[in-house]
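One structure below.
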2 protein chains.
Amino acid sequence: MIQLNSADLTCPFTTAQKVLSGKWSLMIIFHLKEGPVRFNDLLRKFDGLTHSSLTKQLKQLESFQVIHREVYHQVPPKVEYSLTDLGKKLHPTLDMLTEWGSEYIKNCKGIAR
Amino acid sequence: MIQLNSADLTCPFTTAQKVLSGKWSLMIIFHLKEGPVRFNDLLRKFDGLTHSSLTKQLKQLESFQVIHREVYHQVPPKVEYSLTDLGKKLHPTLDMLTEWGSEYIKNCKGIAR
DNA sequence: CTGAATCCGAATAGATACTG
DNA sequence: CAGTATCTATTCGGATTCAG
């Protein structure tokens, strides 16, 4: 698993790059914007994302303290994921990224193969 | 090398994630903000970035049409890298990311090991 | 000065099977 | 329902060497 060491915390970009590096990280964070979501609900939102990959990504993001994991001790088990304050602060950046991504898509039909 | 296929261009996040995924991408783009930079000048700016890794990253970013490669046919060779319009549009997002990264660093001394 | 080619180790993503 | 454990294939970054 990716770890942030103290050397990384010298550079804002290294920090951001590591935190957002997972293939699904951006989308997971985006889908938690509206509030807590359960594991399987999250899983169903993404096409091509597998059970175990989601588990790993969530643990990763949790270790970065970007998302919070709330366990309800009941049967059947229930676990909800939500954004931490740190995670919520990513909203405006995510919105800009989305905008840029859309712009990119509009302008770059020629890039895809 | 990472490629954007037409399926990717369906989702702004996938697009953004792929384009910015390289370990040095964010920093390279950031350092091109002020204008064109030569290969070796760029190389010297980063500690731990090797010659061949930089070559690959630049080709990658060029393929995404985020940076432009200008070759001056002279001896010794001179090549300058600069941001394309698409790349320039990343500025505000990068600035927000920097801000977030700094915020993260301030709040999360406890995360590093 | 700039960059291509190759090779290697580490890190991912995903498939599958098993558990409380 | 929400995991864990293990295995595999692929990718990625970096070192090294060679070339225009």
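Chain labels A, B, ... are given in the sequence in which chains occur in the structure tokens; within each chain residues are numbered consecutively from 1, and ligands are likewise numbered from 1 in the order shown.
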
Would you mind aligning chain B to chain A, a least-squares fit over all C-alpha atoms taken in order, and returning the superposed chain as a JSON list (two decimals) with N, CA and C atoms, in the first residue's frame?
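Output contents, as saved in superposed00.json:
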[["chain", "number", "residue", "atom", "x", "y", "z"],
["B", 1, "MET", "N", 0.79, -1.21, -0.06],
["B", 1, "MET", "CA", -0.04, 0.01, -0.01],
["B", 1, "MET", "C", 0.83, 1.26, 0.01],
["B", 2, "ILE", "N", 0.40, 2.24, -0.71],
["B", 2, "ILE", "CA", 1.13, 3.51, -0.73],
["B", 2, "ILE", "C", 1.12, 4.17, 0.64],
["B", 3, "GLN", "N", 2.26, 4.69, 1.02],
["B", 3, "GLN", "CA", 2.37, 5.38, 2.30],
["B", 3, "GLN", "C", 2.92, 6.78, 2.10],
["B", 4, "LEU", "N", 2.47, 7.69, 2.88],
["B", 4, "LEU", "CA", 3.06, 9.02, 2.88],
["B", 4, "LEU", "C", 4.15, 9.05, 3.93],
["B", 5, "ASN", "N", 5.37, 9.27, 3.51],
["B", 5, "ASN", "CA", 6.43, 9.43, 4.50],
["B", 5, "ASN", "C", 6.72, 10.92, 4.69],
["B", 6, "SER", "N", 7.52, 11.20, 5.67],
["B", 6, "SER", "CA", 7.70, 12.61, 6.00],
["B", 6, "SER", "C", 8.37, 13.40, 4.88],
["B", 7, "ALA", "N", 9.16, 12.72, 4.06],
["B", 7, "ALA", "CA", 9.78, 13.41, 2.93],
["B", 7, "ALA", "C", 8.70, 13.88, 1.94],
["B", 8, "ASP", "N", 7.70, 13.03, 1.73],
["B", 8, "ASP", "CA", 6.61, 13.38, 0.83],
["B", 8, "ASP", "C", 5.90, 14.64, 1.30],
["B", 9, "LEU", "N", 5.75, 14.75, 2.60],
["B", 9, "LEU", "CA", 4.98, 15.87, 3.15],
["B", 9, "LEU", "C", 5.74, 17.19, 3.01],
["B", 10, "THR", "N", 6.83, 17.16, 2.29],
["B", 10, "THR", "CA", 7.56, 18.38, 1.99],
["B", 10, "THR", "C", 6.94, 19.08, 0.79],
["B", 11, "CYS", "N", 6.36, 18.29, -0.10],
["B", 11, "CYS", "CA", 5.86, 18.80, -1.36],
["B", 11, "CYS", "C", 4.36, 18.57, -1.54],
["B", 12, "PRO", "N", 3.61, 19.65, -1.71],
["B", 12, "PRO", "CA", 2.16, 19.54, -1.87],
["B", 12, "PRO", "C", 1.76, 18.66, -3.04],
["B", 13, "PHE", "N", 2.55, 18.67, -4.10],
["B", 13, "PHE", "CA", 2.22, 17.89, -5.29],
["B", 13, "PHE", "C", 2.41, 16.40, -5.05],
["B", 14, "THR", "N", 3.50, 16.06, -4.39],
["B", 14, "THR", "CA", 3.73, 14.66, -4.07],
["B", 14, "THR", "C", 2.58, 14.14, -3.21],
["B", 15, "THR", "N", 2.22, 14.93, -2.25],
["B", 15, "THR", "CA", 1.10, 14.57, -1.39],
["B", 15, "THR", "C", -0.16, 14.33, -2.21],
["B", 16, "ALA", "N", -0.52, 15.31, -3.02],
["B", 16, "ALA", "CA", -1.73, 15.21, -3.81],
["B", 16, "ALA", "C", -1.66, 14.03, -4.78],
["B", 17, "GLN", "N", -0.50, 13.88, -5.40],
["B", 17, "GLN", "CA", -0.33, 12.81, -6.38],
["B", 17, "GLN", "C", -0.55, 11.44, -5.74],
["B", 18, "LYS", "N", 0.01, 11.24, -4.57],
["B", 18, "LYS", "CA", -0.13, 9.95, -3.92],
["B", 18, "LYS", "C", -1.57, 9.69, -3.47],
["B", 19, "VAL", "N", -2.16, 10.71, -2.89],
["B", 19, "VAL", "CA", -3.51, 10.54, -2.37],
["B", 19, "VAL", "C", -4.52, 10.26, -3.49],
["B", 20, "LEU", "N", -4.32, 10.87, -4.64],
["B", 20, "LEU", "CA", -5.28, 10.73, -5.72],
["B", 20, "LEU", "C", -4.87, 9.72, -6.78],
["B", 21, "SER", "N", -3.82, 8.95, -6.50],
["B", 21, "SER", "CA", -3.25, 8.13, -7.56],
["B", 21, "SER", "C", -4.08, 6.92, -7.97],
["B", 22, "GLY", "N", -4.86, 6.39, -7.08],
["B", 22, "GLY", "CA", -5.63, 5.19, -7.41],
["B", 22, "GLY", "C", -6.56, 5.39, -8.61],
["B", 23, "LYS", "N", -6.74, 4.31, -9.34],
["B", 23, "LYS", "CA", -7.54, 4.36, -10.56],
["B", 23, "LYS", "C", -8.96, 4.83, -10.29],
["B", 24, "TRP", "N", -9.48, 4.53, -9.09],
["B", 24, "TRP", "CA", -10.88, 4.87, -8.81],
["B", 24, "TRP", "C", -11.01, 5.96, -7.75],
["B", 25, "SER", "N", -9.91, 6.43, -7.21],
["B", 25, "SER", "CA", -9.95, 7.37, -6.09],
["B", 25, "SER", "C", -10.82, 8.59, -6.37],
["B", 26, "LEU", "N", -10.56, 9.22, -7.49],
["B", 26, "LEU", "CA", -11.30, 10.44, -7.81],
["B", 26, "LEU", "C", -12.80, 10.18, -7.84],
["B", 27, "MET", "N", -13.17, 9.08, -8.48],
["B", 27, "MET", "CA", -14.60, 8.81, -8.60],
["B", 27, "MET", "C", -15.24, 8.43, -7.28],
["B", 28, "ILE", "N", -14.48, 7.71, -6.47],
["B", 28, "ILE", "CA", -15.00, 7.35, -5.15],
["B", 28, "ILE", "C", -15.25, 8.61, -4.33],
["B", 29, "ILE", "N", -14.27, 9.46, -4.28],
["B", 29, "ILE", "CA", -14.43, 10.70, -3.51],
["B", 29, "ILE", "C", -15.61, 11.51, -4.04],
["B", 30, "PHE", "N", -15.71, 11.55, -5.36],
["B", 30, "PHE", "CA", -16.81, 12.30, -5.96],
["B", 30, "PHE", "C", -18.16, 11.74, -5.54],
["B", 31, "HIS", "N", -18.27, 10.42, -5.49],
["B", 31, "HIS", "CA", -19.56, 9.81, -5.17],
["B", 31, "HIS", "C", -19.90, 9.86, -3.69],
["B", 32, "LEU", "N", -18.94, 10.27, -2.88],
["B", 32, "LEU", "CA", -19.23, 10.40, -1.46],
["B", 32, "LEU", "C", -19.63, 11.84, -1.10],
["B", 33, "LYS", "N", -19.66, 12.69, -2.11],
["B", 33, "LYS", "CA", -19.96, 14.10, -1.87],
["B", 33, "LYS", "C", -21.29, 14.31, -1.15],
["B", 34, "GLU", "N", -22.29, 13.52, -1.53],
["B", 34, "GLU", "CA", -23.64, 13.77, -1.02],
["B", 34, "GLU", "C", -23.86, 13.22, 0.39],
["B", 35, "GLY", "N", -22.93, 12.40, 0.88],
["B", 35, "GLY", "CA", -23.10, 11.84, 2.20],
["B", 35, "GLY", "C", -22.62, 10.40, 2.24],
["B", 36, "PRO", "N", -22.79, 9.76, 3.41],
["B", 36, "PRO", "CA", -22.30, 8.40, 3.63],
["B", 36, "PRO", "C", -22.93, 7.41, 2.65],
["B", 37, "VAL", "N", -22.12, 6.46, 2.19],
["B", 37, "VAL", "CA", -22.60, 5.42, 1.28],
["B", 37, "VAL", "C", -22.08, 4.07, 1.76],
["B", 38, "ARG", "N", -22.92, 3.06, 1.63],
["B", 38, "ARG", "CA", -22.51, 1.71, 2.05],
["B", 38, "ARG", "C", -21.63, 1.05, 0.99],
["B", 39, "PHE", "N", -20.91, 0.05, 1.43],
["B", 39, "PHE", "CA", -19.95, -0.62, 0.56],
["B", 39, "PHE", "C", -20.58, -1.09, -0.75],
["B", 40, "ASN", "N", -21.63, -1.86, -0.64],
["B", 40, "ASN", "CA", -22.20, -2.42, -1.86],
["B", 40, "ASN", "C", -22.87, -1.38, -2.75],
["B", 41, "ASP", "N", -23.42, -0.34, -2.14],
["B", 41, "ASP", "CA", -24.00, 0.73, -2.94],
["B", 41, "ASP", "C", -22.92, 1.40, -3.78],
["B", 42, "LEU", "N", -21.77, 1.58, -3.13],
["B", 42, "LEU", "CA", -20.64, 2.19, -3.83],
["B", 42, "LEU", "C", -20.20, 1.29, -4.97],
["B", 43, "LEU", "N", -20.09, 0.01, -4.65],
["B", 43, "LEU", "CA", -19.64, -0.97, -5.64],
["B", 43, "LEU", "C", -20.53, -0.95, -6.89],
["B", 44, "ARG", "N", -21.83, -0.85, -6.66],
["B", 44, "ARG", "CA", -22.76, -0.88, -7.78],
["B", 44, "ARG", "C", -22.66, 0.34, -8.68],
["B", 45, "LYS", "N", -22.13, 1.41, -8.16],
["B", 45, "LYS", "CA", -22.08, 2.64, -8.95],
["B", 45, "LYS", "C", -21.07, 2.58, -10.08],
["B", 46, "PHE", "N", -20.07, 1.72, -9.93],
["B", 46, "PHE", "CA", -18.98, 1.73, -10.90],
["B", 46, "PHE", "C", -18.93, 0.48, -11.74],
["B", 47, "ASP", "N", -18.84, 0.68, -13.00],
["B", 47, "ASP", "CA", -18.73, -0.43, -13.93],
["B", 47, "ASP", "C", -17.26, -0.81, -14.07],
["B", 48, "GLY", "N", -16.96, -2.06, -13.79],
["B", 48, "GLY", "CA", -15.61, -2.52, -13.97],
["B", 48, "GLY", "C", -14.81, -2.51, -12.67],
["B", 49, "LEU", "N", -15.37, -1.94, -11.63],
["B", 49, "LEU", "CA", -14.69, -1.95, -10.34],
["B", 49, "LEU", "C", -15.09, -3.22, -9.59],
["B", 50, "THR", "N", -14.09, -3.97, -9.17],
["B", 50, "THR", "CA", -14.39, -5.22, -8.49],
["B", 50, "THR", "C", -14.42, -5.05, -6.98],
["B", 51, "HIS", "N", -15.05, -6.01, -6.37],
["B", 51, "HIS", "CA", -15.16, -6.10, -4.92],
["B", 51, "HIS", "C", -13.81, -5.84, -4.22],
["B", 52, "SER", "N", -12.83, -6.59, -4.61],
["B", 52, "SER", "CA", -11.57, -6.51, -3.87],
["B", 52, "SER", "C", -10.80, -5.23, -4.18],
["B", 53, "SER", "N", -10.95, -4.75, -5.39],
["B", 53, "SER", "CA", -10.28, -3.48, -5.71],
["B", 53, "SER", "C", -10.89, -2.35, -4.90],
["B", 54, "LEU", "N", -12.19, -2.37, -4.76],
["B", 54, "LEU", "CA", -12.84, -1.32, -3.97],
["B", 54, "LEU", "C", -12.37, -1.37, -2.53],
["B", 55, "THR", "N", -12.29, -2.58, -1.99],
["B", 55, "THR", "CA", -11.81, -2.74, -0.62],
["B", 55, "THR", "C", -10.44, -2.07, -0.45],
["B", 56, "LYS", "N", -9.55, -2.38, -1.39],
["B", 56, "LYS", "CA", -8.20, -1.83, -1.28],
["B", 56, "LYS", "C", -8.19, -0.31, -1.40],
["B", 57, "GLN", "N", -8.94, 0.20, -2.36],
["B", 57, "GLN", "CA", -8.98, 1.64, -2.56],
["B", 57, "GLN", "C", -9.51, 2.35, -1.33],
["B", 58, "LEU", "N", -10.56, 1.78, -0.73],
["B", 58, "LEU", "CA", -11.15, 2.41, 0.45],
["B", 58, "LEU", "C", -10.16, 2.41, 1.62],
["B", 59, "LYS", "N", -9.47, 1.31, 1.80],
["B", 59, "LYS", "CA", -8.48, 1.26, 2.87],
["B", 59, "LYS", "C", -7.38, 2.29, 2.64],
["B", 60, "GLN", "N", -6.99, 2.38, 1.37],
["B", 60, "GLN", "CA", -5.97, 3.35, 1.00],
["B", 60, "GLN", "C", -6.41, 4.77, 1.35],
["B", 61, "LEU", "N", -7.59, 5.12, 0.90],
["B", 61, "LEU", "CA", -8.11, 6.46, 1.15],
["B", 61, "LEU", "C", -8.34, 6.70, 2.64],
["B", 62, "GLU", "N", -8.72, 5.65, 3.32],
["B", 62, "GLU", "CA", -8.91, 5.78, 4.77],
["B", 62, "GLU", "C", -7.57, 6.06, 5.45],
["B", 63, "SER", "N", -6.54, 5.39, 4.99],
["B", 63, "SER", "CA", -5.22, 5.59, 5.58],
["B", 63, "SER", "C", -4.71, 7.02, 5.35],
["B", 64, "PHE", "N", -5.17, 7.60, 4.27],
["B", 64, "PHE", "CA", -4.81, 8.99, 3.99],
["B", 64, "PHE", "C", -5.71, 9.97, 4.76],
["B", 65, "GLN", "N", -6.64, 9.42, 5.48],
["B", 65, "GLN", "CA", -7.60, 10.25, 6.24],
["B", 65, "GLN", "C", -8.43, 11.16, 5.35],
["B", 66, "VAL", "N", -8.74, 10.65, 4.17],
["B", 66, "VAL", "CA", -9.59, 11.39, 3.26],
["B", 66, "VAL", "C", -11.04, 10.91, 3.40],
["B", 67, "ILE", "N", -11.20, 9.64, 3.73],
["B", 67, "ILE", "CA", -12.54, 9.12, 4.00],
["B", 67, "ILE", "C", -12.59, 8.49, 5.38],
["B", 68, "HIS", "N", -13.82, 8.39, 5.88],
["B", 68, "HIS", "CA", -14.05, 7.82, 7.21],
["B", 68, "HIS", "C", -14.87, 6.54, 7.10],
["B", 69, "ARG", "N", -14.53, 5.56, 7.91],
["B", 69, "ARG", "CA", -15.21, 4.27, 7.87],
["B", 69, "ARG", "C", -15.98, 4.06, 9.16],
["B", 70, "GLU", "N", -17.29, 3.96, 9.02],
["B", 70, "GLU", "CA", -18.14, 3.80, 10.20],
["B", 70, "GLU", "C", -18.77, 2.42, 10.20],
["B", 71, "VAL", "N", -18.48, 1.64, 11.21],
["B", 71, "VAL", "CA", -18.99, 0.27, 11.28],
["B", 71, "VAL", "C", -20.18, 0.19, 12.22],
["B", 72, "TYR", "N", -21.27, -0.38, 11.72],
["B", 72, "TYR", "CA", -22.44, -0.62, 12.57],
["B", 72, "TYR", "C", -22.45, -2.10, 12.94],
["B", 73, "HIS", "N", -22.35, -2.37, 14.22],
["B", 73, "HIS", "CA", -22.26, -3.77, 14.64],
["B", 73, "HIS", "C", -23.64, -4.38, 14.69],
["B", 74, "GLN", "N", -24.01, -4.97, 13.57],
["B", 74, "GLN", "CA", -25.30, -5.62, 13.48],
["B", 74, "GLN", "C", -25.18, -6.76, 12.49],
["B", 75, "VAL", "N", -26.24, -7.55, 12.39],
["B", 75, "VAL", "CA", -26.25, -8.65, 11.43],
["B", 75, "VAL", "C", -27.46, -8.47, 10.53],
["B", 76, "PRO", "N", -27.22, -8.38, 9.21],
["B", 76, "PRO", "CA", -25.92, -8.41, 8.55],
["B", 76, "PRO", "C", -25.13, -7.13, 8.78],
["B", 77, "PRO", "N", -23.82, -7.22, 8.65],
["B", 77, "PRO", "CA", -22.95, -6.06, 8.90],
["B", 77, "PRO", "C", -23.32, -4.88, 8.02],
["B", 78, "LYS", "N", -23.05, -3.70, 8.55],
["B", 78, "LYS", "CA", -23.30, -2.50, 7.76],
["B", 78, "LYS", "C", -22.11, -1.56, 7.96],
["B", 79, "VAL", "N", -21.54, -1.10, 6.86],
["B", 79, "VAL", "CA", -20.41, -0.18, 6.95],
["B", 79, "VAL", "C", -20.67, 1.00, 6.03],
["B", 80, "GLU", "N", -20.49, 2.17, 6.58],
["B", 80, "GLU", "CA", -20.72, 3.37, 5.77],
["B", 80, "GLU", "C", -19.43, 4.16, 5.59],
["B", 81, "TYR", "N", -19.23, 4.63, 4.39],
["B", 81, "TYR", "CA", -18.05, 5.44, 4.10],
["B", 81, "TYR", "C", -18.48, 6.88, 3.86],
["B", 82, "SER", "N", -17.71, 7.80, 4.39],
["B", 82, "SER", "CA", -18.01, 9.22, 4.18],
["B", 82, "SER", "C", -16.70, 10.00, 4.09],
["B", 83, "LEU", "N", -16.82, 11.23, 3.65],
["B", 83, "LEU", "CA", -15.62, 12.07, 3.56],
["B", 83, "LEU", "C", -15.26, 12.67, 4.90],
["B", 84, "THR", "N", -13.98, 12.76, 5.18],
["B", 84, "THR", "CA", -13.54, 13.51, 6.35],
["B", 84, "THR", "C", -13.52, 14.99, 5.98],
["B", 85, "ASP", "N", -13.20, 15.82, 6.93],
["B", 85, "ASP", "CA", -13.10, 17.25, 6.62],
["B", 85, "ASP", "C", -12.07, 17.50, 5.54],
["B", 86, "LEU", "N", -10.98, 16.76, 5.66],
["B", 86, "LEU", "CA", -9.92, 16.87, 4.67],
["B", 86, "LEU", "C", -10.44, 16.47, 3.29],
["B", 87, "GLY", "N", -11.23, 15.42, 3.26],
["B", 87, "GLY", "CA", -11.81, 14.96, 2.01],
["B", 87, "GLY", "C", -12.77, 15.97, 1.42],
["B", 88, "LYS", "N", -13.56, 16.56, 2.32],
["B", 88, "LYS", "CA", -14.55, 17.55, 1.85],
["B", 88, "LYS", "C", -13.88, 18.75, 1.21],
["B", 89, "LYS", "N", -12.70, 19.05, 1.71],
["B", 89, "LYS", "CA", -11.98, 20.21, 1.16],
["B", 89, "LYS", "C", -11.53, 19.97, -0.27],
["B", 90, "LEU", "N", -11.66, 18.74, -0.73],
["B", 90, "LEU", "CA", -11.28, 18.44, -2.11],
["B", 90, "LEU", "C", -12.39, 18.79, -3.10],
["B", 91, "HIS", "N", -13.57, 19.04, -2.59],
["B", 91, "HIS", "CA", -14.71, 19.32, -3.48],
["B", 91, "HIS", "C", -14.42, 20.33, -4.58],
["B", 92, "PRO", "N", -14.03, 21.54, -4.22],
["B", 92, "PRO", "CA", -13.80, 22.54, -5.27],
["B", 92, "PRO", "C", -12.76, 22.09, -6.28],
["B", 93, "THR", "N", -11.72, 21.42, -5.80],
["B", 93, "THR", "CA", -10.70, 20.93, -6.73],
["B", 93, "THR", "C", -11.29, 19.88, -7.67],
["B", 94, "LEU", "N", -12.08, 18.98, -7.09],
["B", 94, "LEU", "CA", -12.70, 17.96, -7.92],
["B", 94, "LEU", "C", -13.61, 18.58, -8.97],
["B", 95, "ASP", "N", -14.34, 19.60, -8.55],
["B", 95, "ASP", "CA", -15.23, 20.27, -9.51],
["B", 95, "ASP", "C", -14.44, 20.86, -10.66],
["B", 96, "MET", "N", -13.29, 21.46, -10.34],
["B", 96, "MET", "CA", -12.47, 22.03, -11.40],
["B", 96, "MET", "C", -11.91, 20.94, -12.31],
["B", 97, "LEU", "N", -11.53, 19.84, -11.69],
["B", 97, "LEU", "CA", -11.00, 18.73, -12.47],
["B", 97, "LEU", "C", -12.06, 18.19, -13.43],
["B", 98, "THR", "N", -13.27, 18.09, -12.93],
["B", 98, "THR", "CA", -14.37, 17.63, -13.78],
["B", 98, "THR", "C", -14.54, 18.54, -14.96],
["B", 99, "GLU", "N", -14.53, 19.82, -14.65],
["B", 99, "GLU", "CA", -14.68, 20.82, -15.70],
["B", 99, "GLU", "C", -13.57, 20.67, -16.74],
["B", 100, "TRP", "N", -12.36, 20.54, -16.25],
["B", 100, "TRP", "CA", -11.23, 20.39, -17.15],
["B", 100, "TRP", "C", -11.35, 19.12, -17.97],
["B", 101, "GLY", "N", -11.75, 18.04, -17.31],
["B", 101, "GLY", "CA", -11.93, 16.77, -18.01],
["B", 101, "GLY", "C", -12.96, 16.90, -19.13],
["B", 102, "SER", "N", -14.04, 17.59, -18.84],
["B", 102, "SER", "CA", -15.08, 17.77, -19.85],
["B", 102, "SER", "C", -14.56, 18.59, -21.02],
["B", 103, "GLU", "N", -13.84, 19.63, -20.67],
["B", 103, "GLU", "CA", -13.22, 20.48, -21.68],
["B", 103, "GLU", "C", -12.29, 19.64, -22.57],
["B", 104, "TYR", "N", -11.50, 18.84, -21.90],
["B", 104, "TYR", "CA", -10.56, 17.97, -22.59],
["B", 104, "TYR", "C", -11.30, 17.08, -23.58],
["B", 105, "ILE", "N", -12.36, 16.47, -23.10],
["B", 105, "ILE", "CA", -13.14, 15.55, -23.93],
["B", 105, "ILE", "C", -13.70, 16.27, -25.15],
["B", 106, "LYS", "N", -14.16, 17.49, -24.93],
["B", 106, "LYS", "CA", -14.70, 18.26, -26.04],
["B", 106, "LYS", "C", -13.63, 18.53, -27.09],
["B", 107, "ASN", "N", -12.45, 18.94, -26.63],
["B", 107, "ASN", "CA", -11.41, 19.38, -27.55],
["B", 107, "ASN", "C", -10.57, 18.26, -28.16],
["B", 108, "CYS", "N", -10.63, 17.08, -27.54],
["B", 108, "CYS", "CA", -9.64, 16.09, -27.92],
["B", 108, "CYS", "C", -10.20, 14.81, -28.45],
["B", 109, "LYS", "N", -11.25, 14.88, -29.20],
["B", 109, "LYS", "CA", -11.76, 13.68, -29.83],
["B", 109, "LYS", "C", -10.68, 13.00, -30.64],
["B", 110, "GLY", "N", -9.77, 13.83, -31.15],
["B", 110, "GLY", "CA", -8.72, 13.29, -32.01],
["B", 110, "GLY", "C", -7.66, 12.48, -31.28],
["B", 111, "ILE", "N", -7.63, 12.58, -29.95],
["B", 111, "ILE", "CA", -6.59, 11.89, -29.19],
["B", 111, "ILE", "C", -6.87, 10.40, -29.02],
["B", 112, "ALA", "N", -8.12, 10.07, -28.83],
["B", 112, "ALA", "CA", -8.48, 8.67, -28.60],
["B", 112, "ALA", "C", -8.17, 7.82, -29.82],
["B", 113, "ARG", "N", -7.97, 6.54, -29.57],
["B", 113, "ARG", "CA", -7.74, 5.65, -30.69],
["B", 113, "ARG", "C", -8.70, 4.47, -30.59]]

Review point. What residues in chain D lie within 10 Å of chain B, counting only C-alpha atoms (C1' of nucleotides), written as a ChimeraX atom specification?
Key: /D:11-15,20

Selected residues written out, C-alpha atoms (C1' of nucleotides), as an mmCIF file, in the first residue's frame:
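Below is the file again04.cif, written as the result:
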data_model
loop_
_atom_site.group_PDB
_atom_site.id
_atom_site.type_symbol
_atom_site.label_atom_id
_atom_site.label_comp_id
_atom_site.auth_asym_id
_atom_site.auth_seq_id
_atom_site.Cartn_x
_atom_site.Cartn_y
_atom_site.Cartn_z
ATOM 1 C "C1'" DT D 11 2.214 -1.554 -15.674
ATOM 2 C "C1'" DC D 12 5.600 1.774 -14.114
ATOM 3 C "C1'" DG D 13 9.602 3.827 -12.542
ATOM 4 C "C1'" DG D 14 14.384 3.669 -12.556
ATOM 5 C "C1'" DA D 15 19.236 2.044 -13.948
ATOM 6 C "C1'" DG D 20 22.130 11.159 -33.479
#

Point to revise | Those of chain A in DSSP strand (DSSP E or B), formatted as a PyMOL selection string | key: chain A and resi 37-38+67-72+78-83

Can you spit out the residues from that selection as a short mmCIF file (atom, residue, chain, number, x, y, z; two decimals), in the first residue's frame, using C-alpha atoms?
data_model
loop_
_atom_site.label_atom_id
_atom_site.label_comp_id
_atom_site.auth_asym_id
_atom_site.auth_seq_id
_atom_site.Cartn_x
_atom_site.Cartn_y
_atom_site.Cartn_z
CA VAL A 37 -22.59 5.43 1.27
CA ARG A 38 -22.51 1.74 2.03
CA ILE A 67 -12.54 9.12 4.00
CA HIS A 68 -14.04 7.81 7.20
CA ARG A 69 -15.22 4.25 7.86
CA GLU A 70 -18.16 3.79 10.19
CA VAL A 71 -18.99 0.26 11.28
CA TYR A 72 -22.44 -0.62 12.57
CA LYS A 78 -23.34 -2.46 7.75
CA VAL A 79 -20.44 -0.18 6.95
CA GLU A 80 -20.72 3.36 5.74
CA TYR A 81 -18.06 5.44 4.08
CA SER A 82 -18.01 9.21 4.18
CA LEU A 83 -15.61 12.06 3.55
#

**Study point:** Atomic distance C1' of DT12 in chain C - C1' of DT16 in chain D, expressed in Å with one decimal
**Key:** 25.2 Å
